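Trainee: Data: work14.json, JSON, C-alpha atoms and all ligand atoms.
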```
[["chain", "number", "residue", "atom", "x", "y", "z"],
["C", 100, "MET", "CA", 0.00, 0.00, 0.00],
["C", 101, "THR", "CA", 1.32, 3.47, -0.86],
["C", 102, "THR", "CA", 1.57, 6.13, 1.85],
["C", 103, "PRO", "CA", -1.00, 8.93, 1.47],
["C", 104, "ARG", "CA", 0.71, 11.91, -0.12],
["C", 105, "LEU", "CA", -0.03, 14.36, 2.72],
["C", 106, "GLU", "CA", 0.06, 11.90, 5.62],
["C", 107, "GLY", "CA", 0.26, 13.86, 8.89],
["C", 108, "ARG", "CA", 0.65, 17.24, 7.15],
["C", 109, "ILE", "CA", -1.12, 20.39, 8.31],
["C", 110, "ALA", "CA", -2.86, 22.45, 5.62],
["C", 111, "VAL", "CA", -4.41, 25.92, 5.63],
["C", 112, "ILE", "CA", -6.96, 26.72, 2.92],
["C", 113, "THR", "CA", -8.59, 30.08, 2.15],
["C", 114, "GLY", "CA", -11.88, 30.13, 0.25],
["C", 115, "GLY", "CA", -12.56, 26.77, 1.89],
["C", 116, "ALA", "CA", -16.34, 27.17, 2.10],
["C", 117, "SER", "CA", -17.02, 26.62, -1.59],
["C", 118, "GLY", "CA", -15.97, 25.44, -5.03],
["C", 119, "ILE", "CA", -12.31, 24.74, -5.62],
["C", 120, "GLY", "CA", -11.25, 25.46, -2.02],
["C", 121, "GLN", "CA", -13.77, 22.91, -0.74],
["C", 122, "ALA", "CA", -12.63, 20.29, -3.26],
["C", 123, "VAL", "CA", -9.00, 20.89, -2.26],
["C", 124, "ALA", "CA", -9.91, 20.28, 1.38],
["C", 125, "GLN", "CA", -11.61, 17.01, 0.51],
["C", 126, "ARG", "CA", -8.72, 15.86, -1.71],
["C", 127, "PHE", "CA", -6.09, 16.79, 0.89],
["C", 128, "ALA", "CA", -8.03, 15.01, 3.64],
["C", 129, "GLU", "CA", -8.19, 11.87, 1.45],
["C", 130, "GLU", "CA", -4.38, 12.06, 1.37],
["C", 131, "GLY", "CA", -4.00, 12.35, 5.14],
["C", 132, "ALA", "CA", -3.93, 16.10, 5.91],
["C", 133, "ASP", "CA", -5.52, 17.88, 8.85],
["C", 134, "ILE", "CA", -6.90, 21.25, 7.80],
["C", 135, "LEU", "CA", -7.69, 24.79, 8.96],
["C", 136, "LEU", "CA", -10.45, 26.11, 6.69],
["C", 137, "THR", "CA", -10.96, 29.85, 6.33],
["C", 138, "ASP", "CA", -13.47, 31.96, 4.42],
["C", 139, "LEU", "CA", -15.80, 34.94, 4.78],
["C", 140, "ALA", "CA", -18.61, 32.35, 4.61],
["C", 141, "PRO", "CA", -19.17, 29.48, 7.07],
["C", 142, "CYS", "CA", -17.12, 26.36, 6.30],
["C", 143, "ASP", "CA", -19.41, 23.91, 8.17],
["C", 144, "ALA", "CA", -20.04, 21.70, 5.12],
["C", 145, "THR", "CA", -16.32, 21.44, 4.33],
["C", 146, "VAL", "CA", -15.47, 20.72, 7.97],
["C", 147, "ALA", "CA", -17.99, 17.86, 7.87],
["C", 148, "LEU", "CA", -16.46, 16.51, 4.63],
["C", 149, "VAL", "CA", -12.95, 16.48, 6.12],
["C", 150, "GLN", "CA", -14.07, 14.97, 9.41],
["C", 151, "GLY", "CA", -16.07, 12.35, 7.49],
["C", 152, "LEU", "CA", -12.76, 11.25, 5.97],
["C", 153, "GLY", "CA", -11.31, 10.75, 9.45],
["C", 154, "ARG", "CA", -9.14, 13.87, 9.50],
["C", 155, "LYS", "CA", -9.20, 16.87, 11.84],
["C", 156, "ALA", "CA", -10.73, 20.14, 10.63],
["C", 157, "HIS", "CA", -11.14, 23.58, 12.22],
["C", 158, "GLN", "CA", -12.56, 26.72, 10.69],
["C", 159, "MET", "CA", -12.08, 30.45, 11.09],
["C", 160, "ARG", "CA", -14.04, 33.30, 9.57],
["C", 161, "MET", "CA", -11.56, 35.66, 7.92],
["C", 162, "ASP", "CA", -11.36, 38.36, 5.31],
["C", 163, "ALA", "CA", -8.44, 37.61, 3.00],
["C", 164, "THR", "CA", -7.86, 41.35, 2.47],
["C", 165, "SER", "CA", -7.16, 41.93, 6.16],
["C", 166, "GLU", "CA", -3.53, 41.59, 7.27],
["C", 167, "ALA", "CA", -4.69, 41.08, 10.86],
["C", 168, "ASP", "CA", -7.00, 38.24, 9.77],
["C", 169, "CYS", "CA", -4.22, 36.57, 7.77],
["C", 170, "ASP", "CA", -1.94, 36.74, 10.80],
["C", 171, "ARG", "CA", -4.73, 35.36, 13.04],
["C", 172, "MET", "CA", -5.22, 32.51, 10.57],
["C", 173, "VAL", "CA", -1.59, 31.48, 11.03],
["C", 174, "GLU", "CA", -1.81, 31.89, 14.81],
["C", 175, "MET", "CA", -4.89, 29.67, 14.93],
["C", 176, "ALA", "CA", -3.30, 26.94, 12.80],
["C", 177, "VAL", "CA", -0.27, 26.91, 15.08],
["C", 178, "GLN", "CA", -2.46, 26.96, 18.18],
["C", 179, "VAL", "CA", -4.62, 23.97, 17.14],
["C", 180, "PHE", "CA", -2.18, 21.94, 15.03],
["C", 181, "GLY", "CA", 1.29, 23.16, 16.11],
["C", 182, "ARG", "CA", 2.60, 24.07, 12.63],
["C", 183, "ILE", "CA", 1.77, 24.60, 8.92],
["C", 184, "ASP", "CA", 3.15, 22.43, 6.10],
["C", 185, "VAL", "CA", 0.92, 23.35, 3.16],
["C", 186, "ALA", "CA", -1.32, 26.29, 2.22],
["C", 187, "VAL", "CA", -3.72, 26.89, -0.66],
["C", 188, "PHE", "CA", -5.04, 30.39, -1.38],
["C", 189, "SER", "CA", -8.35, 29.93, -3.18],
["C", 190, "ALA", "CA", -10.36, 32.91, -1.86],
["C", 191, "GLY", "CA", -11.26, 35.08, -4.82],
["C", 192, "VAL", "CA", -13.91, 37.13, -6.58],
["C", 193, "LYS", "CA", -14.74, 37.61, -10.26],
["C", 194, "THR", "CA", -15.24, 40.93, -12.03],
["C", 195, "LEU", "CA", -17.91, 42.78, -10.06],
["C", 196, "PRO", "CA", -21.13, 44.07, -11.68],
["C", 197, "GLU", "CA", -21.45, 47.81, -12.23],
["C", 198, "ALA", "CA", -24.45, 49.89, -11.23],
["C", 199, "PRO", "CA", -26.22, 51.43, -14.27],
["C", 200, "ARG", "CA", -24.77, 54.84, -15.22],
["C", 201, "PRO", "CA", -26.13, 57.40, -17.68],
["C", 202, "GLY", "CA", -24.38, 57.23, -21.04],
["C", 203, "VAL", "CA", -22.74, 53.83, -20.39],
["C", 204, "ASP", "CA", -23.88, 50.80, -22.41],
["C", 205, "PRO", "CA", -24.70, 48.14, -19.73],
["C", 206, "ALA", "CA", -23.06, 45.48, -21.95],
["C", 207, "LYS", "CA", -19.76, 47.41, -21.71],
["C", 208, "ALA", "CA", -20.03, 48.64, -18.11],
["C", 209, "THR", "CA", -17.24, 46.39, -16.78],
["C", 210, "GLN", "CA", -14.80, 47.34, -19.55],
["C", 211, "LEU", "CA", -11.76, 49.19, -18.22],
["C", 212, "VAL", "CA", -12.75, 52.51, -19.80],
["C", 213, "HIS", "CA", -16.09, 52.48, -17.97],
["C", 214, "MET", "CA", -15.76, 50.47, -14.77],
["C", 215, "SER", "CA", -15.70, 52.11, -11.36],
["C", 216, "VAL", "CA", -12.34, 52.43, -9.67],
["C", 217, "GLU", "CA", -13.95, 51.05, -6.48],
["C", 218, "ASN", "CA", -14.74, 47.76, -8.20],
["C", 219, "PHE", "CA", -11.29, 47.58, -9.80],
["C", 220, "ARG", "CA", -9.63, 48.12, -6.42],
["C", 221, "LYS", "CA", -11.88, 45.57, -4.70],
["C", 222, "VAL", "CA", -10.99, 42.77, -7.13],
["C", 223, "ILE", "CA", -7.27, 43.56, -6.92],
["C", 224, "ASP", "CA", -7.54, 43.75, -3.13],
["C", 225, "VAL", "CA", -9.12, 40.29, -2.72],
["C", 226, "ASN", "CA", -7.36, 38.44, -5.53],
["C", 227, "VAL", "CA", -3.84, 39.86, -5.34],
["C", 228, "THR", "CA", -3.30, 41.66, -2.03],
["C", 229, "GLY", "CA", -5.24, 38.90, -0.25],
["C", 230, "VAL", "CA", -3.00, 36.19, -1.71],
["C", 231, "MET", "CA", 0.11, 38.24, -0.88],
["C", 232, "LEU", "CA", -0.95, 38.82, 2.74],
["C", 233, "GLY", "CA", -1.96, 35.21, 3.30],
["C", 234, "SER", "CA", 0.98, 33.56, 1.59],
["C", 235, "ARG", "CA", 3.57, 35.73, 3.28],
["C", 236, "ALA", "CA", 1.99, 35.18, 6.71],
["C", 237, "VAL", "CA", 2.22, 31.43, 6.11],
["C", 238, "ALA", "CA", 5.75, 31.71, 4.69],
["C", 239, "ARG", "CA", 6.89, 33.61, 7.79],
["C", 240, "GLN", "CA", 5.59, 30.76, 9.94],
["C", 241, "MET", "CA", 7.30, 28.15, 7.74],
["C", 242, "LEU", "CA", 10.57, 30.12, 7.99],
["C", 243, "ALA", "CA", 10.25, 30.20, 11.78],
["C", 244, "GLN", "CA", 9.59, 26.45, 11.83],
["C", 245, "GLY", "CA", 12.59, 25.79, 9.58],
["C", 246, "THR", "CA", 10.66, 22.91, 8.02],
["C", 247, "GLY", "CA", 10.11, 24.20, 4.50],
["C", 248, "GLY", "CA", 6.63, 23.85, 3.04],
["C", 249, "ALA", "CA", 4.45, 24.18, -0.04],
["C", 250, "ILE", "CA", 2.30, 27.18, -0.95],
["C", 251, "VAL", "CA", -0.22, 26.94, -3.81],
["C", 252, "ASN", "CA", -1.92, 30.10, -5.08],
["C", 253, "ILE", "CA", -5.05, 29.90, -7.22],
["C", 254, "ALA", "CA", -4.60, 32.04, -10.35],
["C", 255, "SER", "CA", -6.59, 31.57, -13.59],
["C", 256, "THR", "CA", -6.06, 31.18, -17.31],
["C", 257, "ALA", "CA", -7.51, 34.71, -17.31],
["C", 258, "GLY", "CA", -4.11, 35.83, -16.01],
["C", 259, "ARG", "CA", -2.76, 34.96, -19.47],
["C", 260, "ILE", "CA", -5.75, 35.66, -21.76],
["C", 261, "PRO", "CA", -7.22, 39.17, -22.04],
["C", 262, "LEU", "CA", -11.02, 38.99, -21.70],
["C", 263, "ALA", "CA", -13.00, 42.11, -22.73],
["C", 264, "GLY", "CA", -15.14, 43.19, -19.78],
["C", 265, "GLY", "CA", -13.04, 41.12, -17.36],
["C", 266, "GLY", "CA", -10.12, 43.51, -16.99],
["C", 267, "SER", "CA", -9.99, 43.70, -13.21],
["C", 268, "TYR", "CA", -10.04, 39.90, -12.93],
["C", 269, "CYS", "CA", -7.47, 39.33, -15.70],
["C", 270, "VAL", "CA", -5.10, 41.91, -14.20],
["C", 271, "SER", "CA", -5.54, 40.40, -10.74],
["C", 272, "LYS", "CA", -4.78, 36.86, -11.90],
["C", 273, "ALA", "CA", -1.74, 38.00, -13.91],
["C", 274, "GLY", "CA", -0.68, 39.51, -10.60],
["C", 275, "VAL", "CA", -1.07, 36.16, -8.84],
["C", 276, "ILE", "CA", 1.10, 34.43, -11.47],
["C", 277, "MET", "CA", 3.88, 37.02, -11.02],
["C", 278, "LEU", "CA", 3.51, 37.12, -7.22],
["C", 279, "THR", "CA", 4.03, 33.35, -7.26],
["C", 280, "LYS", "CA", 7.22, 33.66, -9.31],
["C", 281, "VAL", "CA", 8.72, 36.43, -7.17],
["C", 282, "MET", "CA", 7.95, 34.74, -3.86],
["C", 283, "ALA", "CA", 9.28, 31.44, -5.21],
["C", 284, "LEU", "CA", 12.52, 33.15, -6.22],
["C", 285, "GLU", "CA", 12.90, 34.87, -2.87],
["C", 286, "LEU", "CA", 12.28, 31.63, -0.94],
["C", 287, "ALA", "CA", 13.99, 29.17, -3.29],
["C", 288, "GLN", "CA", 16.79, 28.31, -0.86],
["C", 289, "THR", "CA", 14.57, 27.93, 2.21],
["C", 290, "GLY", "CA", 12.73, 24.71, 1.34],
["C", 291, "ILE", "CA", 9.50, 26.65, 0.85],
["C", 292, "ARG", "CA", 8.08, 26.10, -2.64],
["C", 293, "VAL", "CA", 5.55, 28.54, -4.09],
["C", 294, "ASN", "CA", 3.49, 27.48, -7.11],
["C", 295, "ALA", "CA", 0.10, 28.26, -8.61],
["C", 296, "VAL", "CA", -2.80, 26.50, -10.27],
["C", 297, "GLY", "CA", -4.45, 28.56, -13.01],
["C", 298, "PRO", "CA", -7.82, 26.89, -13.68],
["C", 299, "GLY", "CA", -9.79, 27.17, -16.86],
["C", 300, "TYR", "CA", -13.60, 27.27, -16.71],
["C", 301, "THR", "CA", -14.60, 25.11, -13.74],
["C", 302, "SER", "CA", -18.11, 24.32, -12.44],
["C", 303, "THR", "CA", -18.44, 26.21, -9.15],
["C", 304, "PRO", "CA", -20.76, 28.94, -7.81],
["C", 305, "MET", "CA", -18.35, 31.46, -9.41],
["C", 306, "TRP", "CA", -18.74, 29.93, -12.90],
["C", 307, "ASP", "CA", -22.24, 28.52, -13.38],
["C", 308, "ALA", "CA", -23.17, 29.84, -16.84],
["C", 309, "PRO", "CA", -25.87, 27.60, -18.40],
["C", 310, "GLU", "CA", -24.78, 25.57, -21.42],
["C", 311, "ASP", "CA", -27.19, 27.48, -23.70],
["C", 312, "SER", "CA", -25.84, 30.92, -22.70],
["C", 313, "ASP", "CA", -23.59, 33.20, -24.78],
["C", 314, "ALA", "CA", -21.11, 33.27, -21.90],
["C", 315, "TYR", "CA", -20.77, 29.47, -21.97],
["C", 316, "ARG", "CA", -20.44, 29.43, -25.78],
["C", 317, "ARG", "CA", -17.68, 32.09, -25.58],
["C", 318, "ALA", "CA", -15.92, 30.04, -22.88],
["C", 319, "MET", "CA", -16.05, 26.88, -24.97],
["C", 320, "SER", "CA", -14.70, 28.75, -28.02],
["C", 321, "ILE", "CA", -11.34, 28.89, -26.18],
["C", 322, "THR", "CA", -11.64, 25.46, -24.50],
["C", 323, "PRO", "CA", -10.68, 22.66, -26.92],
["C", 324, "MET", "CA", -12.09, 19.89, -24.67],
["C", 325, "GLN", "CA", -15.54, 21.56, -24.91],
["C", 326, "ARG", "CA", -16.51, 21.17, -21.27],
["C", 327, "ASN", "CA", -16.08, 22.76, -17.86],
["C", 328, "GLY", "CA", -13.52, 21.30, -15.48],
["C", 329, "THR", "CA", -14.55, 19.94, -12.11],
["C", 330, "PRO", "CA", -13.34, 21.32, -8.79],
["C", 331, "ARG", "CA", -11.75, 17.93, -8.16],
["C", 332, "GLU", "CA", -9.64, 18.24, -11.31],
["C", 333, "GLN", "CA", -8.30, 21.53, -9.92],
["C", 334, "ALA", "CA", -7.80, 19.94, -6.51],
["C", 335, "ASP", "CA", -5.70, 17.17, -8.08],
["C", 336, "ALA", "CA", -3.33, 19.79, -9.53],
["C", 337, "CYS", "CA", -3.15, 21.51, -6.13],
["C", 338, "LEU", "CA", -2.36, 18.15, -4.52],
["C", 339, "TYR", "CA", 0.52, 17.58, -6.93],
["C", 340, "LEU", "CA", 2.02, 20.98, -6.12],
["C", 341, "ALA", "CA", 1.44, 20.52, -2.39],
["C", 342, "CYS", "CA", 3.08, 17.11, -2.05],
["C", 343, "ASP", "CA", 6.65, 15.87, -2.41],
["C", 344, "GLU", "CA", 6.09, 14.60, -5.96],
["C", 345, "SER", "CA", 6.65, 18.21, -7.13],
["C", 346, "SER", "CA", 9.74, 18.68, -4.94],
["C", 347, "PHE", "CA", 11.81, 20.25, -7.78],
["C", 348, "MET", "CA", 9.09, 22.69, -8.85],
["C", 349, "THR", "CA", 8.76, 26.25, -7.66],
["C", 350, "GLY", "CA", 7.49, 29.46, -9.28],
["C", 351, "GLN", "CA", 5.33, 27.51, -11.77],
["C", 352, "THR", "CA", 1.68, 27.83, -12.76],
["C", 353, "LEU", "CA", -0.16, 24.69, -13.91],
["C", 354, "HIS", "CA", -3.23, 25.14, -16.10],
["C", 355, "PRO", "CA", -5.88, 22.41, -15.83],
["C", 356, "ALA", "CA", -7.97, 24.09, -18.51],
["C", 357, "GLY", "CA", -9.25, 21.62, -21.09],
["C", 358, "GLY", "CA", -6.56, 22.47, -23.62],
["C", 359, "GLN", "CA", -6.46, 26.27, -23.44],
["C", 360, "PHE", "CA", -3.10, 27.50, -24.80],
["C", 361, "THR", "CA", -2.71, 24.54, -27.18],
["C", 362, "GLY", "CA", -3.08, 26.58, -30.31],
["B", 401, "LIG", "N1", -14.55, 28.55, -11.21],
["B", 401, "LIG", "C1", -13.76, 28.91, -12.22],
["B", 401, "LIG", "O1", -14.10, 28.75, -13.42],
["B", 401, "LIG", "C2", -12.40, 29.51, -11.92],
["B", 401, "LIG", "C3", -11.52, 29.65, -13.00],
["B", 401, "LIG", "C4", -10.26, 30.18, -12.75],
["B", 401, "LIG", "C5", -9.91, 30.57, -11.47],
["B", 401, "LIG", "N2", -10.81, 30.43, -10.45],
["B", 401, "LIG", "C6", -10.36, 30.86, -9.13],
["B", 401, "LIG", "O2", -10.53, 29.81, -8.21],
["B", 401, "LIG", "C7", -10.67, 30.36, -6.89],
["B", 401, "LIG", "C8", -11.87, 29.71, -6.23],
["B", 401, "LIG", "O3", -13.03, 30.09, -6.95],
["B", 401, "LIG", "P1", -14.31, 29.14, -7.06],
["B", 401, "LIG", "O4", -14.58, 28.96, -8.49],
["B", 401, "LIG", "O5", -14.15, 27.99, -6.17],
["B", 401, "LIG", "O6", -15.41, 30.16, -6.54],
["B", 401, "LIG", "P2", -16.34, 30.15, -5.23],
["B", 401, "LIG", "O7", -17.10, 31.43, -5.31],
["B", 401, "LIG", "O8", -17.06, 28.86, -5.15],
["B", 401, "LIG", "O9", -15.30, 30.22, -4.02],
["B", 401, "LIG", "C9", -14.63, 31.40, -3.66],
["B", 401, "LIG", "C10", -14.64, 31.49, -2.15],
["B", 401, "LIG", "O10", -13.84, 32.64, -1.79],
["B", 401, "LIG", "C11", -14.48, 33.25, -0.68],
["B", 401, "LIG", "N3", -14.06, 34.65, -0.59],
["B", 401, "LIG", "C12", -14.35, 35.66, -1.45],
["B", 401, "LIG", "N4", -13.83, 36.80, -0.99],
["B", 401, "LIG", "C13", -13.21, 36.52, 0.19],
["B", 401, "LIG", "C14", -12.48, 37.28, 1.14],
["B", 401, "LIG", "N5", -12.30, 38.61, 0.98],
["B", 401, "LIG", "N6", -11.98, 36.65, 2.22],
["B", 401, "LIG", "C15", -12.18, 35.32, 2.40],
["B", 401, "LIG", "N7", -12.86, 34.54, 1.55],
["B", 401, "LIG", "C16", -13.37, 35.14, 0.45],
["B", 401, "LIG", "C17", -15.97, 33.11, -0.98],
["B", 401, "LIG", "O11", -16.75, 33.29, 0.19],
["B", 401, "LIG", "C18", -16.04, 31.70, -1.56],
["B", 401, "LIG", "O12", -16.32, 30.73, -0.57],
["B", 401, "LIG", "C19", -10.80, 31.86, -7.07],
["B", 401, "LIG", "O13", -9.56, 32.48, -6.80],
["B", 401, "LIG", "C20", -11.15, 32.01, -8.54],
["B", 401, "LIG", "O14", -10.77, 33.25, -9.06],
["B", 401, "LIG", "C21", -12.04, 29.90, -10.64]]
```
Now that the file is in, can you turn its structure into structure tokens?
Ligand SMILES: NC(=O)c1ccc[n+]([C@@H]2O[C@H](COP(=O)([O-])OP(=O)(O)OC[C@H]3O[C@@H](n4cnc5c(N)ncnc54)[C@H](O)[C@@H]3O)[C@@H](O)[C@H]2O)c1
Mentor:
Amino acid sequence: MTTPRLEGRIAVITGGASGIGQAVAQRFAEEGADILLTDLAPCDATVALVQGLGRKAHQMRMDATSEADCDRMVEMAVQVFGRIDVAVFSAGVKTLPEAPRPGVDPAKATQLVHMSVENFRKVIDVNVTGVMLGSRAVARQMLAQGTGGAIVNIASTAGRIPLAGGGSYCVSKAGVIMLTKVMALELAQTGIRVNAVGPGYTSTPMWDAPEDSDAYRRAMSITPMQRNGTPREQADACLYLACDESSFMTGQTLHPAGGQFTG
């Protein structure tokens, strides 16, 4: 029998209440990890999933954009589990809707020339600053432990493909890809690896466009496999980057995305 890939490891997951973060928690628990789940929303269902697999789970309500919350997240993990080995930063938001404004075509309201600076800042704050605050708080703890560790940031193929009307999101995810590279470089000699998963279209509450919608058709026009991914397919990529099988990888972004970027 093979040893579970994360046997006895302690994981911290943001965005753990839903979608990809929840699937990562389930997948990591299947491989032997105990987990601190964090989110703005309650993580009760994910806690139950992890405990149902025989692993320990705790949860903490936190706002990823708050430095104090990110520091408290690390403190709580250390308090209940003694250390952190792995962290996945999945908390994120998509481009936010704009309130109607005179003279602005509603179909173009989220384009960069029209969108409100408040919404732009909010998306950057959650998706980039939130990942920076969380991952550096965890990295500081790993440095203090002297144990090394694995950090996995959730980016998106949108960090590499410009999408009209999705500017704030695309810019934020390009930021996550570069943040991952810089932090990986800075920590390369410490045993702490920093990588990212950049999902393509994946069935979660964030991406639930019906198959007969224009949005879905546009998504499939850049997805050669002609289907959404599942949260578990994203979780499998996170597992690879979190476990020792990727021990020579740092600063990389994997794209489980149904063939985006093939041509
Ligand atoms: N679903 C997709 O097609 C897709 C594609 C590419 C990338 N992603 C990325 O995957 C990650 C997970 O998204 P998902 O699809 O599972 O969506 P989701 O909406 O199911 O999950 C996102 C979670 O993040 C939490 N969150 C949002 N803002 C927060 C904050 N400020 N502090 C703490 N938690 C916060 C939400 O409460 C939610 O539980 C996101 O970073 C998203 O951008 C998703």
Trainee: What are the centre and edge lengths in Å, to one decimal, of the axis-aligned box around all listed atoms of ligand LIG 401 (chain B) with 6 Å added on each side, as JSON?
Mentor:
```
{"center_x": -13.3, "center_y": 33.3, "center_z": -5.5, "size_x": 19.5, "size_y": 22.6, "size_z": 27.8}
```
Trainee: Kindly indicate which residue among C:Gln158, C:Thr209, C:Ser345, C:Ser302 lies nearest to ligand LIG 401 (chain B), using all atoms listed in the file for the distances.
Mentor: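 Selected residue with least distance to ligand LIG 401 (chain B): C:Ser302.
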Trainee: Could you tell me which of C:Val179, C:Ala132, C:Val293, C:Leu152 comes closest to Val275 (chain C) if we count only C-alpha atoms?
Mentor: C:Val293
Trainee: Would you please work out which residue, of C:Ala308, C:Ala140, C:Val185, C:Met100, is nearest to ligand LIG 401 (chain B) when using only C-alpha atoms and all ligand atoms?
Mentor: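 Closest to ligand LIG 401 (chain B), using only C-alpha atoms and all ligand atoms: C:Ala140.
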Trainee: Select, from C:Val111, C:Val146, C:Ala254, C:Ala243, the residue with the minimum atom-to-atom distance to ligand LIG 401 (chain B), counting only C-alpha atoms and all ligand atoms.
Mentor: C:Ala254
Trainee: Show me the residues close to (12.7, 29.5, -1.5) - anything with an atom within 10 Å, counting only C-alpha atoms - and format the list as a PDB file with C-alpha atoms, keeping the file's coordinate frame.
Mentor:
```
ATOM      1  CA  ALA C 238       5.750  31.710   4.690  1.00  0.00           C
ATOM      2  CA  LEU C 242      10.570  30.120   7.990  1.00  0.00           C
ATOM      3  CA  GLY C 247      10.110  24.200   4.500  1.00  0.00           C
ATOM      4  CA  GLY C 248       6.630  23.850   3.040  1.00  0.00           C
ATOM      5  CA  ALA C 249       4.450  24.180  -0.040  1.00  0.00           C
ATOM      6  CA  VAL C 281       8.720  36.430  -7.170  1.00  0.00           C
ATOM      7  CA  MET C 282       7.950  34.740  -3.860  1.00  0.00           C
ATOM      8  CA  ALA C 283       9.280  31.440  -5.210  1.00  0.00           C
ATOM      9  CA  LEU C 284      12.520  33.150  -6.220  1.00  0.00           C
ATOM     10  CA  GLU C 285      12.900  34.870  -2.870  1.00  0.00           C
ATOM     11  CA  LEU C 286      12.280  31.630  -0.940  1.00  0.00           C
ATOM     12  CA  ALA C 287      13.990  29.170  -3.290  1.00  0.00           C
ATOM     13  CA  GLN C 288      16.790  28.310  -0.860  1.00  0.00           C
ATOM     14  CA  THR C 289      14.570  27.930   2.210  1.00  0.00           C
ATOM     15  CA  GLY C 290      12.730  24.710   1.340  1.00  0.00           C
ATOM     16  CA  ILE C 291       9.500  26.650   0.850  1.00  0.00           C
ATOM     17  CA  ARG C 292       8.080  26.100  -2.640  1.00  0.00           C
ATOM     18  CA  VAL C 293       5.550  28.540  -4.090  1.00  0.00           C
ATOM     19  CA  THR C 349       8.760  26.250  -7.660  1.00  0.00           C
ATOM     20  CA  GLY C 350       7.490  29.460  -9.280  1.00  0.00           C
TER      21      GLY C 350
END
```
Trainee: Which neighbours of Gln325 (chain C) fall inside 12 Å, counting only C-alpha atoms, when residues of the same chain fewer than 5 positions from it are skipped, and could you give them as a list in words?
Mentor: Gly299, Tyr300, Thr301, Glu310, Tyr315, Arg316, Arg317, Ala318, Met319, Ser320, Ala356, Gly357, Gly358 and Gln359 of chain C
Trainee: What is the CA of Gly114 (chain C) to CA of Gly131 (chain C) distance in Å?
Mentor: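 If I compute the distance from CA of Gly114 (chain C) to CA of Gly131 (chain C), I get 20.1 Å.
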Trainee: Pick from C:Cys169, C:Ala263, C:Ala176, C:Met305: nearest to ligand LIG 401 (chain B), with only C-alpha atoms and all ligand atoms counted?
Mentor: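 Closest to ligand LIG 401 (chain B) of all the choices is C:Met305.
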Trainee: Hey, what's within 10 Å of Arg160 (chain C) if we count all atoms listed in the file and toss same-chain stuff fewer than 4 positions away? As a PyMOL selection string, please?
Mentor: chain C and resi 113+116+136-142+168+172
Trainee: Using CA of Arg154 (chain C) and CA of Ala295 (chain C) as the two end points, give the distance in Å to one decimal.
Mentor: 24.9 Å
Trainee: Can you measure CA of His354 (chain C) to atom C21 of ligand LIG 401 (chain B) for me? One decimal in Å is fine.
Mentor: 11.4 Å
